[in-house]
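Reproduced below: entry.cif, with mmCIF, C-alpha atoms.
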```
data_coords
loop_
_atom_site.label_atom_id
_atom_site.label_comp_id
_atom_site.auth_asym_id
_atom_site.auth_seq_id
_atom_site.Cartn_x
_atom_site.Cartn_y
_atom_site.Cartn_z
CA MET A 1 15.59 -4.10 -15.88
CA THR A 2 13.55 -1.23 -14.44
CA GLY A 3 11.68 -3.65 -12.21
CA TYR A 4 14.97 -5.13 -11.00
CA VAL A 5 16.37 -1.70 -10.10
CA ASN A 6 13.13 -0.58 -8.43
CA GLY A 7 13.03 -3.84 -6.55
CA PHE A 8 16.47 -3.17 -5.17
CA PHE A 9 15.90 0.41 -4.10
CA PHE A 10 12.35 0.05 -2.86
CA THR A 11 12.17 -3.45 -1.44
CA PRO A 12 10.02 -3.13 1.72
CA VAL A 13 11.87 -3.87 4.93
CA ALA A 14 10.31 -4.68 8.31
CA LEU A 15 10.38 -1.92 10.91
CA GLY A 16 11.93 -4.28 13.43
CA ARG A 17 15.24 -3.89 11.64
CA VAL A 18 15.14 -0.15 12.31
CA ALA A 19 14.86 -0.71 16.06
CA ALA A 20 17.74 -3.19 15.98
CA MET A 21 20.00 -0.90 13.97
CA ARG A 22 19.24 2.05 16.25
CA PHE A 23 20.31 -0.02 19.22
CA LEU A 24 23.51 -1.12 17.50
CA ALA A 25 24.31 2.43 16.38
CA GLY A 26 23.96 3.83 19.88
CA LEU A 27 25.87 0.90 21.34
CA PHE A 28 28.81 1.47 19.01
CA VAL A 29 29.01 5.17 19.93
CA TRP A 30 29.55 4.14 23.54
CA ILE A 31 32.05 1.45 22.53
CA GLU A 32 34.02 3.78 20.28
CA TRP A 33 34.85 6.53 22.73
CA TRP A 34 35.73 4.07 25.50
CA ALA A 35 37.44 1.15 23.73
CA TYR A 36 37.76 1.63 19.96
CA LYS A 37 39.15 5.20 19.70
CA PRO A 38 39.63 6.43 23.26
CA PHE A 39 42.45 8.71 22.12
CA ILE A 40 40.09 11.13 20.35
CA ILE A 41 39.19 12.77 23.66
CA GLN A 42 42.90 13.63 24.06
CA HIS A 43 42.56 16.04 21.13
CA ARG A 44 41.16 18.56 23.61
CA PHE A 45 44.74 19.20 24.78
CA LEU A 46 46.23 19.79 21.31
CA PRO A 47 47.19 23.31 20.22
CA GLU A 48 44.91 24.83 17.59
CA ASP A 49 47.73 25.35 15.09
CA LEU A 50 47.93 21.56 14.60
CA TYR A 51 44.32 21.51 13.40
CA GLN A 52 44.11 20.85 9.64
CA PRO A 53 40.38 20.69 8.91
CA LEU A 54 38.96 18.59 6.11
CA LEU A 55 37.31 20.35 3.18
CA ILE A 56 33.91 20.35 4.86
CA GLY A 57 35.50 21.79 7.98
CA ARG A 58 36.91 24.63 5.89
CA VAL A 59 33.60 25.28 4.12
CA LEU A 60 31.40 25.25 7.20
CA PRO A 61 31.98 27.80 9.98
CA ILE A 62 33.19 25.19 12.46
CA PRO A 63 35.65 26.49 15.08
CA ALA A 64 38.91 24.73 15.80
CA PRO A 65 38.62 22.13 18.57
CA ASN A 66 39.54 23.18 22.07
CA TYR A 67 39.02 21.66 25.51
CA TRP A 68 35.35 22.63 25.80
CA ILE A 69 34.38 21.82 22.20
CA VAL A 70 35.84 18.32 22.35
CA THR A 71 34.46 17.59 25.82
CA GLY A 72 31.04 19.04 24.99
CA THR A 73 30.82 17.08 21.75
CA LEU A 74 31.53 13.85 23.59
CA VAL A 75 28.95 14.55 26.30
CA VAL A 76 26.22 15.44 23.78
CA MET A 77 27.06 12.41 21.62
CA LEU A 78 26.89 9.94 24.49
CA ALA A 79 23.74 11.52 25.95
CA ALA A 80 21.93 11.36 22.60
CA ALA A 81 23.01 7.77 21.95
CA LEU A 82 21.06 6.37 24.92
CA PRO A 83 17.52 7.39 23.86
CA VAL A 84 18.34 6.37 20.29
CA MET A 85 19.34 2.90 21.52
CA PHE A 86 16.01 2.37 23.27
CA GLY A 87 13.78 4.10 20.73
CA TYR A 88 12.75 7.10 22.81
CA ARG A 89 12.08 9.98 20.41
CA ALA A 90 14.59 8.29 18.18
CA ARG A 91 14.34 10.74 15.29
CA LEU A 92 14.88 13.85 17.43
CA PHE A 93 17.81 12.40 19.34
CA GLY A 94 18.99 10.75 16.14
CA TRP A 95 19.59 14.15 14.57
CA ILE A 96 21.42 15.32 17.68
CA LEU A 97 23.55 12.17 17.63
CA PHE A 98 24.36 12.54 13.94
CA ILE A 99 25.45 16.18 14.29
CA ALA A 100 27.56 15.41 17.36
CA TYR A 101 29.15 12.36 15.76
CA PHE A 102 29.81 14.35 12.59
CA GLU A 103 31.78 16.89 14.66
CA TRP A 104 33.48 14.02 16.52
CA MET A 105 34.72 12.55 13.23
CA LEU A 106 35.79 15.99 12.02
CA ILE A 107 37.89 16.35 15.16
CA TYR A 108 39.34 12.88 14.68
CA ASN A 109 40.23 13.23 10.99
CA SER A 110 41.65 16.76 11.00
CA TYR A 111 45.11 16.03 12.39
CA GLY A 112 46.79 14.37 9.43
CA LYS A 113 45.15 10.93 9.26
CA VAL A 114 41.83 10.42 7.48
CA ASP A 115 40.06 7.15 8.25
CA HIS A 116 37.49 5.65 5.90
CA ALA A 117 36.15 2.97 8.23
CA SER A 118 33.41 5.26 9.60
CA PHE A 119 31.88 6.30 6.27
CA GLY A 120 29.16 3.65 6.22
CA PHE A 121 28.40 4.22 9.90
CA MET A 122 27.93 7.96 9.37
CA VAL A 123 25.52 7.24 6.51
CA LEU A 124 23.69 4.86 8.85
CA LEU A 125 23.30 7.57 11.51
CA LEU A 126 21.96 10.00 8.91
CA VAL A 127 19.49 7.47 7.52
CA LEU A 128 18.22 6.48 10.97
CA CYS A 129 17.27 10.13 11.60
CA MET A 130 14.64 9.83 8.87
CA MET A 131 13.32 6.38 9.74
CA PRO A 132 9.85 5.94 11.31
CA GLU A 133 9.30 4.89 14.90
CA ALA A 134 9.88 1.16 15.34
CA ARG A 135 9.92 -1.60 17.90
CA TRP A 136 11.99 -4.74 18.24
CA GLY A 137 10.76 -7.85 16.47
CA ASP A 138 8.20 -6.07 14.28
CA ARG A 139 8.02 -8.18 11.12
CA GLU A 140 4.45 -7.30 10.21
CA HIS A 141 4.85 -3.63 9.29
CA LEU A 142 6.92 -3.15 6.14
CA SER A 143 8.16 0.11 4.69
CA GLU A 144 9.64 0.98 1.30
CA ARG A 145 11.21 4.08 2.88
CA VAL A 146 13.09 1.85 5.30
CA GLY A 147 14.23 -0.34 2.41
CA TRP A 148 15.43 2.73 0.50
CA GLY A 149 17.36 4.02 3.51
CA PHE A 150 19.10 0.76 4.31
CA ASN A 151 19.99 0.29 0.66
CA LEU A 152 21.81 3.62 0.81
CA VAL A 153 23.78 2.32 3.79
CA GLN A 154 24.57 -0.86 1.90
CA ILE A 155 25.87 1.17 -1.04
CA ALA A 156 28.04 3.19 1.37
CA VAL A 157 29.42 -0.05 2.82
CA VAL A 158 30.29 -1.33 -0.64
CA CYS A 159 31.83 2.02 -1.62
CA THR A 160 34.13 1.73 1.38
CA TYR A 161 35.60 -1.38 -0.23
CA PHE A 162 35.40 -0.45 -3.91
CA LEU A 163 36.76 3.09 -3.61
CA SER A 164 39.57 1.81 -1.40
CA THR A 165 41.10 0.22 -4.50
CA TRP A 166 40.76 3.49 -6.38
CA SER A 167 42.58 5.21 -3.52
CA LYS A 168 45.37 2.62 -3.61
CA PHE A 169 46.02 3.24 -7.29
CA ARG A 170 45.57 7.00 -6.95
CA TYR A 171 48.26 7.40 -4.31
CA GLY A 172 50.36 4.27 -4.82
CA GLY A 173 50.03 3.76 -8.54
CA TRP A 174 49.71 0.41 -10.25
CA GLU A 175 52.85 -0.72 -8.45
CA TRP A 176 50.90 -0.88 -5.19
CA ALA A 177 49.87 -4.48 -5.89
CA ASN A 178 53.49 -5.58 -6.37
CA SER A 179 54.94 -3.52 -3.53
CA GLY A 180 55.86 -4.57 0.00
CA VAL A 181 52.77 -3.07 1.65
CA PHE A 182 51.74 -6.26 3.41
CA THR A 183 55.34 -6.96 4.45
CA TRP A 184 55.60 -3.50 5.98
CA ALA A 185 52.24 -3.94 7.72
CA ILE A 186 53.24 -7.27 9.25
CA ILE A 187 56.58 -5.88 10.43
CA ARG A 188 54.77 -2.98 12.11
CA ARG A 189 51.82 -4.76 13.66
CA GLY A 190 51.96 -8.43 12.81
CA THR A 191 50.80 -11.20 15.14
CA VAL A 192 51.55 -14.87 15.62
CA PHE A 193 49.00 -15.56 12.89
CA SER A 194 50.84 -13.48 10.28
CA ASP A 195 54.54 -13.28 11.21
CA TRP A 196 55.27 -16.54 9.41
CA LEU A 197 54.18 -14.93 6.12
CA LEU A 198 57.36 -12.82 6.12
CA ASP A 199 59.19 -15.94 4.92
CA PHE A 200 56.96 -16.07 1.82
CA PRO A 201 57.09 -12.66 0.11
CA GLN A 202 55.59 -13.99 -3.11
CA LEU A 203 52.57 -15.21 -1.18
CA LEU A 204 52.14 -11.69 0.24
CA THR A 205 52.18 -10.28 -3.30
CA VAL A 206 49.46 -12.73 -4.29
CA ALA A 207 47.49 -11.66 -1.21
CA GLN A 208 47.75 -8.01 -2.30
CA TRP A 209 46.29 -8.86 -5.70
CA GLY A 210 43.64 -10.90 -3.91
CA MET A 211 42.78 -7.87 -1.79
CA ILE A 212 42.27 -5.77 -4.93
CA ALA A 213 40.11 -8.46 -6.53
CA PHE A 214 38.04 -8.76 -3.37
CA GLU A 215 37.41 -5.02 -3.13
CA LEU A 216 36.50 -4.70 -6.81
CA LEU A 217 34.05 -7.60 -6.60
CA THR A 218 32.21 -6.38 -3.47
CA PRO A 219 29.41 -4.65 -5.49
CA LEU A 220 28.16 -8.15 -6.31
CA VAL A 221 26.53 -8.27 -2.86
CA LEU A 222 24.12 -5.56 -4.04
CA PHE A 223 23.12 -7.28 -7.27
CA VAL A 224 22.21 -10.61 -5.68
CA TYR A 225 19.53 -9.08 -3.42
CA PRO A 226 16.74 -11.36 -4.78
CA TRP A 227 18.69 -14.38 -3.50
CA LYS A 228 18.87 -13.64 0.21
CA ARG A 229 20.76 -16.76 1.24
CA LEU A 230 23.48 -15.98 -1.27
CA GLN A 231 23.60 -12.37 -0.09
CA TYR A 232 23.83 -13.42 3.56
CA GLY A 233 26.63 -15.81 2.62
CA ILE A 234 28.60 -12.99 0.97
CA VAL A 235 28.06 -10.75 4.01
CA ALA A 236 29.26 -13.59 6.24
CA PHE A 237 32.39 -13.76 4.09
CA PHE A 238 32.90 -10.02 4.60
CA TYR A 239 32.76 -10.50 8.36
CA ALA A 240 35.13 -13.47 8.16
CA PHE A 241 37.52 -11.35 6.08
CA HIS A 242 37.65 -8.68 8.78
CA VAL A 243 38.15 -11.28 11.50
CA ALA A 244 41.15 -12.59 9.55
CA ILE A 245 42.54 -9.07 9.08
CA PHE A 246 42.19 -8.38 12.80
CA ALA A 247 43.86 -11.67 13.70
CA ALA A 248 46.75 -10.95 11.32
CA LEU A 249 47.26 -7.20 11.78
CA THR A 250 45.00 -6.14 14.68
CA ILE A 251 43.26 -3.73 12.28
CA SER A 252 39.58 -3.40 13.12
CA PHE A 253 36.89 -1.79 10.96
CA LEU A 254 34.41 -1.86 13.81
CA PRO A 255 32.10 1.03 12.72
CA HIS A 256 32.01 -0.48 9.24
CA LEU A 257 31.01 -3.85 10.67
CA PHE A 258 28.18 -2.28 12.66
CA ALA A 259 26.88 -0.51 9.55
CA MET A 260 27.11 -3.72 7.53
CA ALA A 261 24.60 -5.34 9.89
CA CYS A 262 21.82 -3.58 7.92
CA PHE A 263 22.17 -6.40 5.37
CA LEU A 264 20.97 -8.90 7.97
CA PRO A 265 17.34 -9.77 8.91
CA LEU A 266 17.60 -8.32 12.41
CA GLU A 267 13.84 -7.86 12.54
CA ARG A 268 13.72 -11.53 13.54
CA VAL A 269 15.37 -10.65 16.83
CA ASP A 270 12.98 -9.75 19.66
CA PRO A 271 14.69 -9.34 23.06
CA ARG A 272 11.38 -9.61 24.92
CA ASP A 273 10.58 -12.90 23.24
CA LEU A 274 14.10 -14.16 23.97
CA ALA A 275 13.69 -13.15 27.62
CA ARG A 276 10.35 -15.00 27.85
CA ARG A 277 11.90 -18.13 26.38
CA ALA A 278 14.84 -17.90 28.76
CA ARG A 279 12.50 -17.58 31.76
CA ALA A 280 10.40 -20.50 30.55
CA LYS A 281 13.51 -22.61 30.06
CA LEU A 282 14.77 -21.66 33.51
CA LYS A 283 11.45 -22.66 35.08
CA GLY A 284 11.57 -25.94 33.18
CA ARG A 285 14.96 -26.78 34.67
CA LYS A 286 13.57 -26.29 38.17
CA ARG A 287 11.04 -29.04 37.56
CA THR A 288 11.78 -32.72 38.06
CA PRO A 289 12.64 -34.91 35.05
CA GLY A 290 9.05 -36.12 35.03
CA GLY A 291 7.81 -32.58 34.52
CA ARG A 292 6.42 -32.14 38.12
CA ASN A 293 7.30 -29.49 40.60
CA PRO A 294 9.38 -30.79 43.53
CA GLY A 295 6.41 -30.49 45.92
CA GLU A 296 3.92 -32.36 43.71
CA GLY A 297 3.03 -35.95 44.51
CA ASP A 298 3.04 -38.85 42.09
CA PRO A 299 -0.40 -38.90 40.37
CA GLU A 300 -0.46 -42.73 40.24
CA LEU A 301 0.24 -43.06 43.96
CA THR A 302 -2.38 -40.42 44.69
CA ALA A 303 -4.95 -42.24 42.59
CA THR A 304 -4.35 -45.58 44.30
CA GLY A 305 -4.31 -44.06 47.77
#
```

As structure tokens, how would this structure be written, given the file I've shared?
Amino acid sequence: MTGYVNGFFFTPVALGRVAAMRFLAGLFVWIEWWAYKPFIIQHRFLPEDLYQPLLIGRVLPIPAPNYWIVTGTLVVMLAAALPVMFGYRARLFGWILFIAYFEWMLIYNSYGKVDHASFGFMVLLLVLCMMPEARWGDREHLSERVGWGFNLVQIAVVCTYFLSTWSKFRYGGWEWANSGVFTWAIIRRGTVFSDWLLDFPQLLTVAQWGMIAFELLTPLVLFVYPWKRLQYGIVAFFYAFHVAIFAALTISFLPHLFAMACFLPLERVDPRDLARRARAKLKGRKRTPGGRNPGEGDPELTATG
């Protein structure tokens, strides 16, 4: 049992995955402010008396957001994300990015609505600050510290699911599963893929129980780590689940999906190698079907004069 637990927490992971996750983390920061949550920047115009800081915002001496705090946080966050994406002094700029993103999330979640979709992503940013320098496609150099860090992110991803059920029962009671939550959600933001379900309320109740079962069973993805194909299959199901939720309700857990990528063997991806293959393939298409350049003569005709 001890060996199984140690194997989970300290399984060496290739450094190439660190480079890939840094790129994805920085990429999402740019996507979020522009496309995913562009309204956060509008908080710079809100009066300070609407600010209701989270517990950590009340404990730490963090001032209430104003025009310059919100704008400055965004500028620092975006500026730090670029060197992190391309591995330039990734640990230094990683800490800057984490602190700026932490403040960005505090601004976002301190006006009445607290979102849990960014929990795993924030853990990812913190972990990447402590990762060693890495390059794309590096599968030779393995690190137990990297494995430990990504396992923490994986646990955070699973907690996002598992503790969601606890939250449902904490605030909605055991009647949540038999309530009209899904009906209300479809009425508010349903699509052509889900509107038809309003004619089958019993099916929606079954789906609510299925949601609870799914969230309670998500820790299984951690325990099957020795069987990578099975684990990848479960992660693929997670992604498919979120695609279905987005198609039905246009609800996207995009930061969560980026953090969940740490389950995947991204160290196998090497952009430089992909670029070389693409160039070689492009050159091959420019050749004739016989494999000769257009200006080359036929070797048989040349031999016979």

Within 12 Å of Thr250 of chain A, counting only C-alpha atoms, which residues show up once you throw out same-chain ones fewer than 4 positions away? Write them as a list in words, please. Tyr36, Ala185, Ile186, Arg188, Arg189, Gly190, Thr191, Val192, Phe193, Ser194, His242, Val243, Ala244, Ile245, Phe246 and Leu254 of chain A

Would you kindly translate the PyMOL selection byres ((chain A and resi 135) around 8) into the concrete residues it picks from this file, as a list in words? Leu15, Gly16, Val18, Ala19, Gly87, Glu133, Ala134, Trp136, Gly137 and Asp138 of chain A

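Counting all atoms listed in the file, the residue from A:Val157, A:Trp209, A:Thr218, A:Ser110 that sits nearest to Phe263 of chain A is A:Val157.
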
Could you spell out the hits of the PyMOL selection byres ((chain A and resi 65-75) around 8) on the shown file, as a ChimeraX atom specification? /A:41,43-48,51,63-64,76-79,100-101,103-104,107

Suppose a student applies the PyMOL selection byres ((chain A and resi 219) around 10) to this structure; what residues should they get, written as a PyMOL selection string? chain A and resi 154-155+157-159+161-162+214-218+220-224

Could you write those residues out with C-alpha atoms, as a compact mmCIF listing (two decimals), keeping the file's coordinate frame?
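Generated file (part-v5.txt):
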```
# COMPACT_ATOMS: atom_id res chain seq x y z
CA GLN A 154 24.57 -0.86 1.90
CA ILE A 155 25.87 1.17 -1.04
CA VAL A 157 29.42 -0.05 2.82
CA VAL A 158 30.29 -1.33 -0.64
CA CYS A 159 31.83 2.02 -1.62
CA TYR A 161 35.60 -1.38 -0.23
CA PHE A 162 35.40 -0.45 -3.91
CA PHE A 214 38.04 -8.76 -3.37
CA GLU A 215 37.41 -5.02 -3.13
CA LEU A 216 36.50 -4.70 -6.81
CA LEU A 217 34.05 -7.60 -6.60
CA THR A 218 32.21 -6.38 -3.47
CA LEU A 220 28.16 -8.15 -6.31
CA VAL A 221 26.53 -8.27 -2.86
CA LEU A 222 24.12 -5.56 -4.04
CA PHE A 223 23.12 -7.28 -7.27
CA VAL A 224 22.21 -10.61 -5.68
```

Å distance separating atom CA of Ala80 of chain A from atom CA of Ala35 of chain A, one decimal place: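 Going from atom CA of Ala80 of chain A over to atom CA of Ala35 of chain A, I get 18.6 Å.
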
Nearest to Arg268 of chain A among A:Trp34, A:Asn109, A:Leu24, A:Glu140, with distances taken over all atoms listed in the file: which residue is it?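 The answer is A:Glu140, which sits nearest to Arg268 of chain A.
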
Best match for closeness to Ala20 of chain A among A:Leu163, A:Val206, A:Arg139, A:Gly172, counting only C-alpha atoms: A:Arg139

In Å to one decimal, how far is atom CA of Thr205 of chain A from atom CA of Phe182 of chain A?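 We find that atom CA of Phe182 of chain A and atom CA of Thr205 of chain A lie 7.8 Å from each other.
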
Hey, what's within 12 Å of Ser179 of chain A if we count only C-alpha atoms and toss same-chain stuff fewer than 4 positions away? As a CSV table (one decimal) with C-alpha atoms, in the coordinates of the input, please?
```
chain,number,residue,atom,x,y,z
A,168,LYS,CA,45.4,2.6,-3.6
A,169,PHE,CA,46.0,3.2,-7.3
A,172,GLY,CA,50.4,4.3,-4.8
A,173,GLY,CA,50.0,3.8,-8.5
A,174,TRP,CA,49.7,0.4,-10.2
A,175,GLU,CA,52.8,-0.7,-8.4
A,183,THR,CA,55.3,-7.0,4.4
A,184,TRP,CA,55.6,-3.5,6.0
A,185,ALA,CA,52.2,-3.9,7.7
A,201,PRO,CA,57.1,-12.7,0.1
A,202,GLN,CA,55.6,-14.0,-3.1
A,204,LEU,CA,52.1,-11.7,0.2
A,205,THR,CA,52.2,-10.3,-3.3
A,206,VAL,CA,49.5,-12.7,-4.3
A,207,ALA,CA,47.5,-11.7,-1.2
A,208,GLN,CA,47.8,-8.0,-2.3
A,209,TRP,CA,46.3,-8.9,-5.7
```

Which polymer residues, protein or nucleic acid, are no farther than 8 Å from (11.0, -2.7, 3.9), counting all atoms listed in the file, as a ChimeraX atom specification? /A:10-15,142-148

As an exercise, work out the distance from atom CA of Lys37 of chain A to atom CA of Ile251 of chain A in Å and give it to one decimal place.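 Straight-line distance from atom CA of Lys37 of chain A to atom CA of Ile251 of chain A works out to 12.3 Å.
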
Closest of A:Ile212, A:Ala90, A:Ile99, A:Leu106 to Pro132 of chain A - atom-to-atom distances counting all atoms listed in the file: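 Ranking A:Ile212, A:Ala90, A:Ile99, A:Leu106 by distance to Pro132 of chain A, first place goes to A:Ala90.
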
Closest to Leu124 of chain A among A:Ala248, A:Leu197, A:Leu55, A:Ala261, using all atoms listed in the file?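 Nearest candidate to Leu124 of chain A out of A:Ala248, A:Leu197, A:Leu55, A:Ala261: A:Ala261.
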
Output, as AutoDock Vina command-line options, the centre and edge lengths in Å (one decimal) of the axis-aligned box that contains all listed atoms of segment 149-162 of chain A with 6 Å of margin on each side.
```
--center_x 26.5 --center_y 1.3 --center_z 0.2 --size_x 30.2 --size_y 17.4 --size_z 20.2
```
